[in-house]
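Enquirer: Just passing along the structure, written as structure tokens.
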Amino acid sequence: MIFFGGGCIATPPGGMLLPDLGVDASLKLMAPILTEVPSSTPNATVAFRGRSQGARIIVQVPGITSLEGAAYPTGDFCIEAPVPAQKTTTYSLMAIDSQGKLSPSVDVAVTHDPKAAQPKNPVCGDPGMLCANAENCSNGKDDNCNGLIDHCDPACNSCLDDKLEPNDDPFAAPMVPNGYYQELAICPCRPDWYAFKLDTGSAFYARVVFQKSANFDIDLKFYRSADALKLNDNWIYWRHLGNGLREVDFVADKNDTYYLEVFNKTGAEVAGSYQMQLLY
Ligand SMILES: [Ca+2]
Ligand SMILES: [Ca+2]
Ligand SMILES: [Ca+2]
């Protein structure tokens, strides 16, 4: 599940001083700072409010789902997550920036209790004036709250992405079935991630075909879930087959969700298209 742009005005507690979250690309991305989270709620959803350097916020609800939402141009965010009934759930929140850099996580526990008091601001609501209709392409901010900053935003680079978007990181990767996928695209700052559930001993095959150029040359990386979800680049499979053809041919050695990353290895911020065949 992915929610972009939806949200509410973050309301840090009055008088609380927050650190300067100016972005320095050379530094590690900081974990989100939570400013408002109820410890218990009678509701089926909870709103997490805070501040972040990242363009997007990820909430992992263990064993259930990952959610993603865009931060506001101010650096504030509000993102809602489901609350499993009659228990305490420990959520992990992370930030991810426009270049795919992931922050450490911050964990927070919320207890569902039908008798708990109603939280003060239980839903994120309309972000109102915080999100603009248009993207300013040179201010280092995600003005229109779509999770994409400046030249990474299609409003600035005019790149037409594919129907499986948004899948710019493993937390937003769709589970894609067997098949032949045409008209896929890589846009600037936006690798494509896909997820597959494989049982031990089952075979997986993926083939990607594209037109290579000086600025556009795709590579594939295939990961186990634990590595993909940490973005630690500890991939397990990567093979070249000459210009314009890449392949993954793998037999699962354990039951797991595996992830495929398709990206432009030249690092040039250009658009390119590809086709993908999946057999598993
Ligand atoms: Ca901008
Ligand atoms: Ca944007
Ligand atoms: Ca894409």
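By convention in this document, the chains of the structure tokens carry letters A, B, ... by their order, each chain's residues are numbered from 1, and ligands are numbered from 1 in the order they are shown.
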Tell me which protein, DNA and RNA residues are within 8 Å of region 149-151 of chain A, counting only C-alpha atoms, leaving out same-chain ones fewer than 3 positions away, and put them as a list in words.
Expert: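 Listed by chain and then number, they are Ala55, Ser98, Glu135, Asn136, Cys137, Ser138, Asn139, Gly140, Lys141, Asp142, Asp143, Pro154, Cys156, Asn157 and Pro188 of chain A.
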Enquirer: Would you mind listing what lies within 6 Å of region 168-174 of chain A as an mmCIF file with C-alpha atoms, in the first residue's frame, with only C-alpha atoms counted and same-chain residues fewer than 4 positions away left out?
Expert:
data_model
loop_
_atom_site.group_PDB
_atom_site.id
_atom_site.type_symbol
_atom_site.label_atom_id
_atom_site.label_comp_id
_atom_site.auth_asym_id
_atom_site.auth_seq_id
_atom_site.Cartn_x
_atom_site.Cartn_y
_atom_site.Cartn_z
ATOM 1 C CA SER A 66 4.874 -1.235 4.471
ATOM 2 C CA ARG A 190 13.790 6.377 -10.010
ATOM 3 C CA PRO A 191 15.006 2.780 -10.116
ATOM 4 C CA ASP A 192 12.303 0.127 -10.426
ATOM 5 C CA TRP A 193 11.815 -2.483 -7.703
ATOM 6 C CA TYR A 194 9.787 -5.695 -7.955
ATOM 7 C CA ALA A 195 9.051 -8.389 -5.369
#
Enquirer: Residues within 7 Å of ligand 3 should be enumerated using only C-alpha atoms and all ligand atoms and returned as a list in words.
Expert: Asp161, Asp162, Leu164, Glu165, Asn167, Leu184, Ala185, Ile186, Cys187, Arg190, Pro191 and Asp192 of chain A
Enquirer: I'd like to know which of A:Leu67, A:Ile236, A:Cys124, A:Met30 is closest to Arg49 (chain A), using only C-alpha atoms.
Expert: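 Among A:Leu67, A:Ile236, A:Cys124, A:Met30, it is A:Cys124 that comes nearest to Arg49 (chain A).
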Enquirer: So that I can check the surroundings of Asp199 (chain A), please list as an MDAnalysis selection string every protein, DNA and RNA residue that reaches within 7 Å of it, counting only C-alpha atoms and ignoring chain neighbours fewer than 3 positions away.
Expert: chainID A and resid 202 252 254:256
Enquirer: Take the residues from that selection and write them out as a compact mmCIF listing (two decimals), in the first residue's frame, keeping N, CA and C atoms.
Expert:
# COMPACT_ATOMS: atom_id res chain seq x y z
N SER A 202 12.40 -23.50 -5.79
CA SER A 202 11.70 -23.04 -7.00
C SER A 202 12.60 -22.12 -7.82
N ALA A 252 15.71 -20.65 -5.64
CA ALA A 252 15.59 -20.16 -4.27
C ALA A 252 16.16 -21.18 -3.29
N LYS A 254 15.83 -20.64 0.00
CA LYS A 254 14.93 -20.63 1.16
C LYS A 254 13.63 -19.91 0.80
N ASN A 255 12.60 -20.21 1.58
CA ASN A 255 11.33 -19.49 1.39
C ASN A 255 11.55 -18.04 1.77
N ASP A 256 11.30 -17.15 0.84
CA ASP A 256 11.55 -15.75 1.15
C ASP A 256 10.84 -14.89 0.11
Enquirer: Using DSSP on the backbone coordinates, identify the residues of region 35-203 of chain A assigned to strand (DSSP E or B); present them as a VMD selection string.
Expert: chain A and resid 35 to 36 40 to 41 45 to 51 56 to 61 65 to 70 76 to 82 88 to 96 102 106 to 112 175 179 to 187 190 192 to 198 203
Enquirer: With only C-alpha atoms and all ligand atoms as the basis for distance, which of A:Gly128, A:Pro119, A:Pro73, A:Gly267 is at the shortest distance from ligand 2?
Expert: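 Once distances to ligand 2 are computed over only C-alpha atoms and all ligand atoms, the minimum belongs to A:Pro73.
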Enquirer: I'd like the interatomic distance between CA of Val108 (chain A) and CA of Asp76 (chain A), to a tenth of an Å.
Expert: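 These atoms are spaced 17.6 Å apart.
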Enquirer: As an MDAnalysis selection string, which residues of region 46-162 of chain A does DSSP assign to helix (DSSP H, G or I)?
Expert: chainID A and resid 128:130 150:152 154:157
Enquirer: Might you pull out every residue within 7 Å of Phe196 (chain A), with only C-alpha atoms counted and same-chain residues fewer than 2 positions away left off, and present them as a PyMOL selection string?
Expert: chain A and resi 175-176+194+198+257-259
Enquirer: Write to file, as an mmCIF file, in the first residue's frame, the residues of the selection just made, with N, CA and C atoms.
Expert:
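Dumped to result_37.cif:
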data_model
loop_
_atom_site.group_PDB
_atom_site.id
_atom_site.type_symbol
_atom_site.label_atom_id
_atom_site.label_comp_id
_atom_site.auth_asym_id
_atom_site.auth_seq_id
_atom_site.Cartn_x
_atom_site.Cartn_y
_atom_site.Cartn_z
ATOM 1 N N MET A 175 4.249 -6.868 -5.968
ATOM 2 C CA MET A 175 4.417 -8.302 -6.242
ATOM 3 C C MET A 175 3.947 -8.502 -7.676
ATOM 4 N N VAL A 176 4.845 -8.852 -8.570
ATOM 5 C CA VAL A 176 4.444 -8.973 -9.975
ATOM 6 C C VAL A 176 4.417 -10.439 -10.395
ATOM 7 N N TYR A 194 10.854 -4.698 -7.859
ATOM 8 C CA TYR A 194 9.787 -5.695 -7.955
ATOM 9 C C TYR A 194 10.027 -6.748 -6.882
ATOM 10 N N LEU A 198 9.114 -16.685 -3.276
ATOM 11 C CA LEU A 198 9.614 -17.948 -3.833
ATOM 12 C C LEU A 198 9.776 -18.969 -2.715
ATOM 13 N N THR A 257 10.769 -13.598 0.405
ATOM 14 C CA THR A 257 10.395 -12.636 -0.632
ATOM 15 C C THR A 257 11.695 -12.105 -1.210
ATOM 16 N N TYR A 258 11.848 -12.242 -2.523
ATOM 17 C CA TYR A 258 13.054 -11.789 -3.201
ATOM 18 C C TYR A 258 12.728 -10.499 -3.958
ATOM 19 N N TYR A 259 13.753 -9.679 -4.160
ATOM 20 C CA TYR A 259 13.539 -8.369 -4.782
ATOM 21 C C TYR A 259 14.473 -8.191 -5.976
#
Enquirer: So which one's closest to Gly242 (chain A), A:Glu183, A:Asp153, A:Asp219, A:Glu261? Using only C-alpha atoms, please.
Expert: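 Going through A:Glu183, A:Asp153, A:Asp219, A:Glu261 one by one, the smallest distance to Gly242 (chain A) is for A:Asp219.
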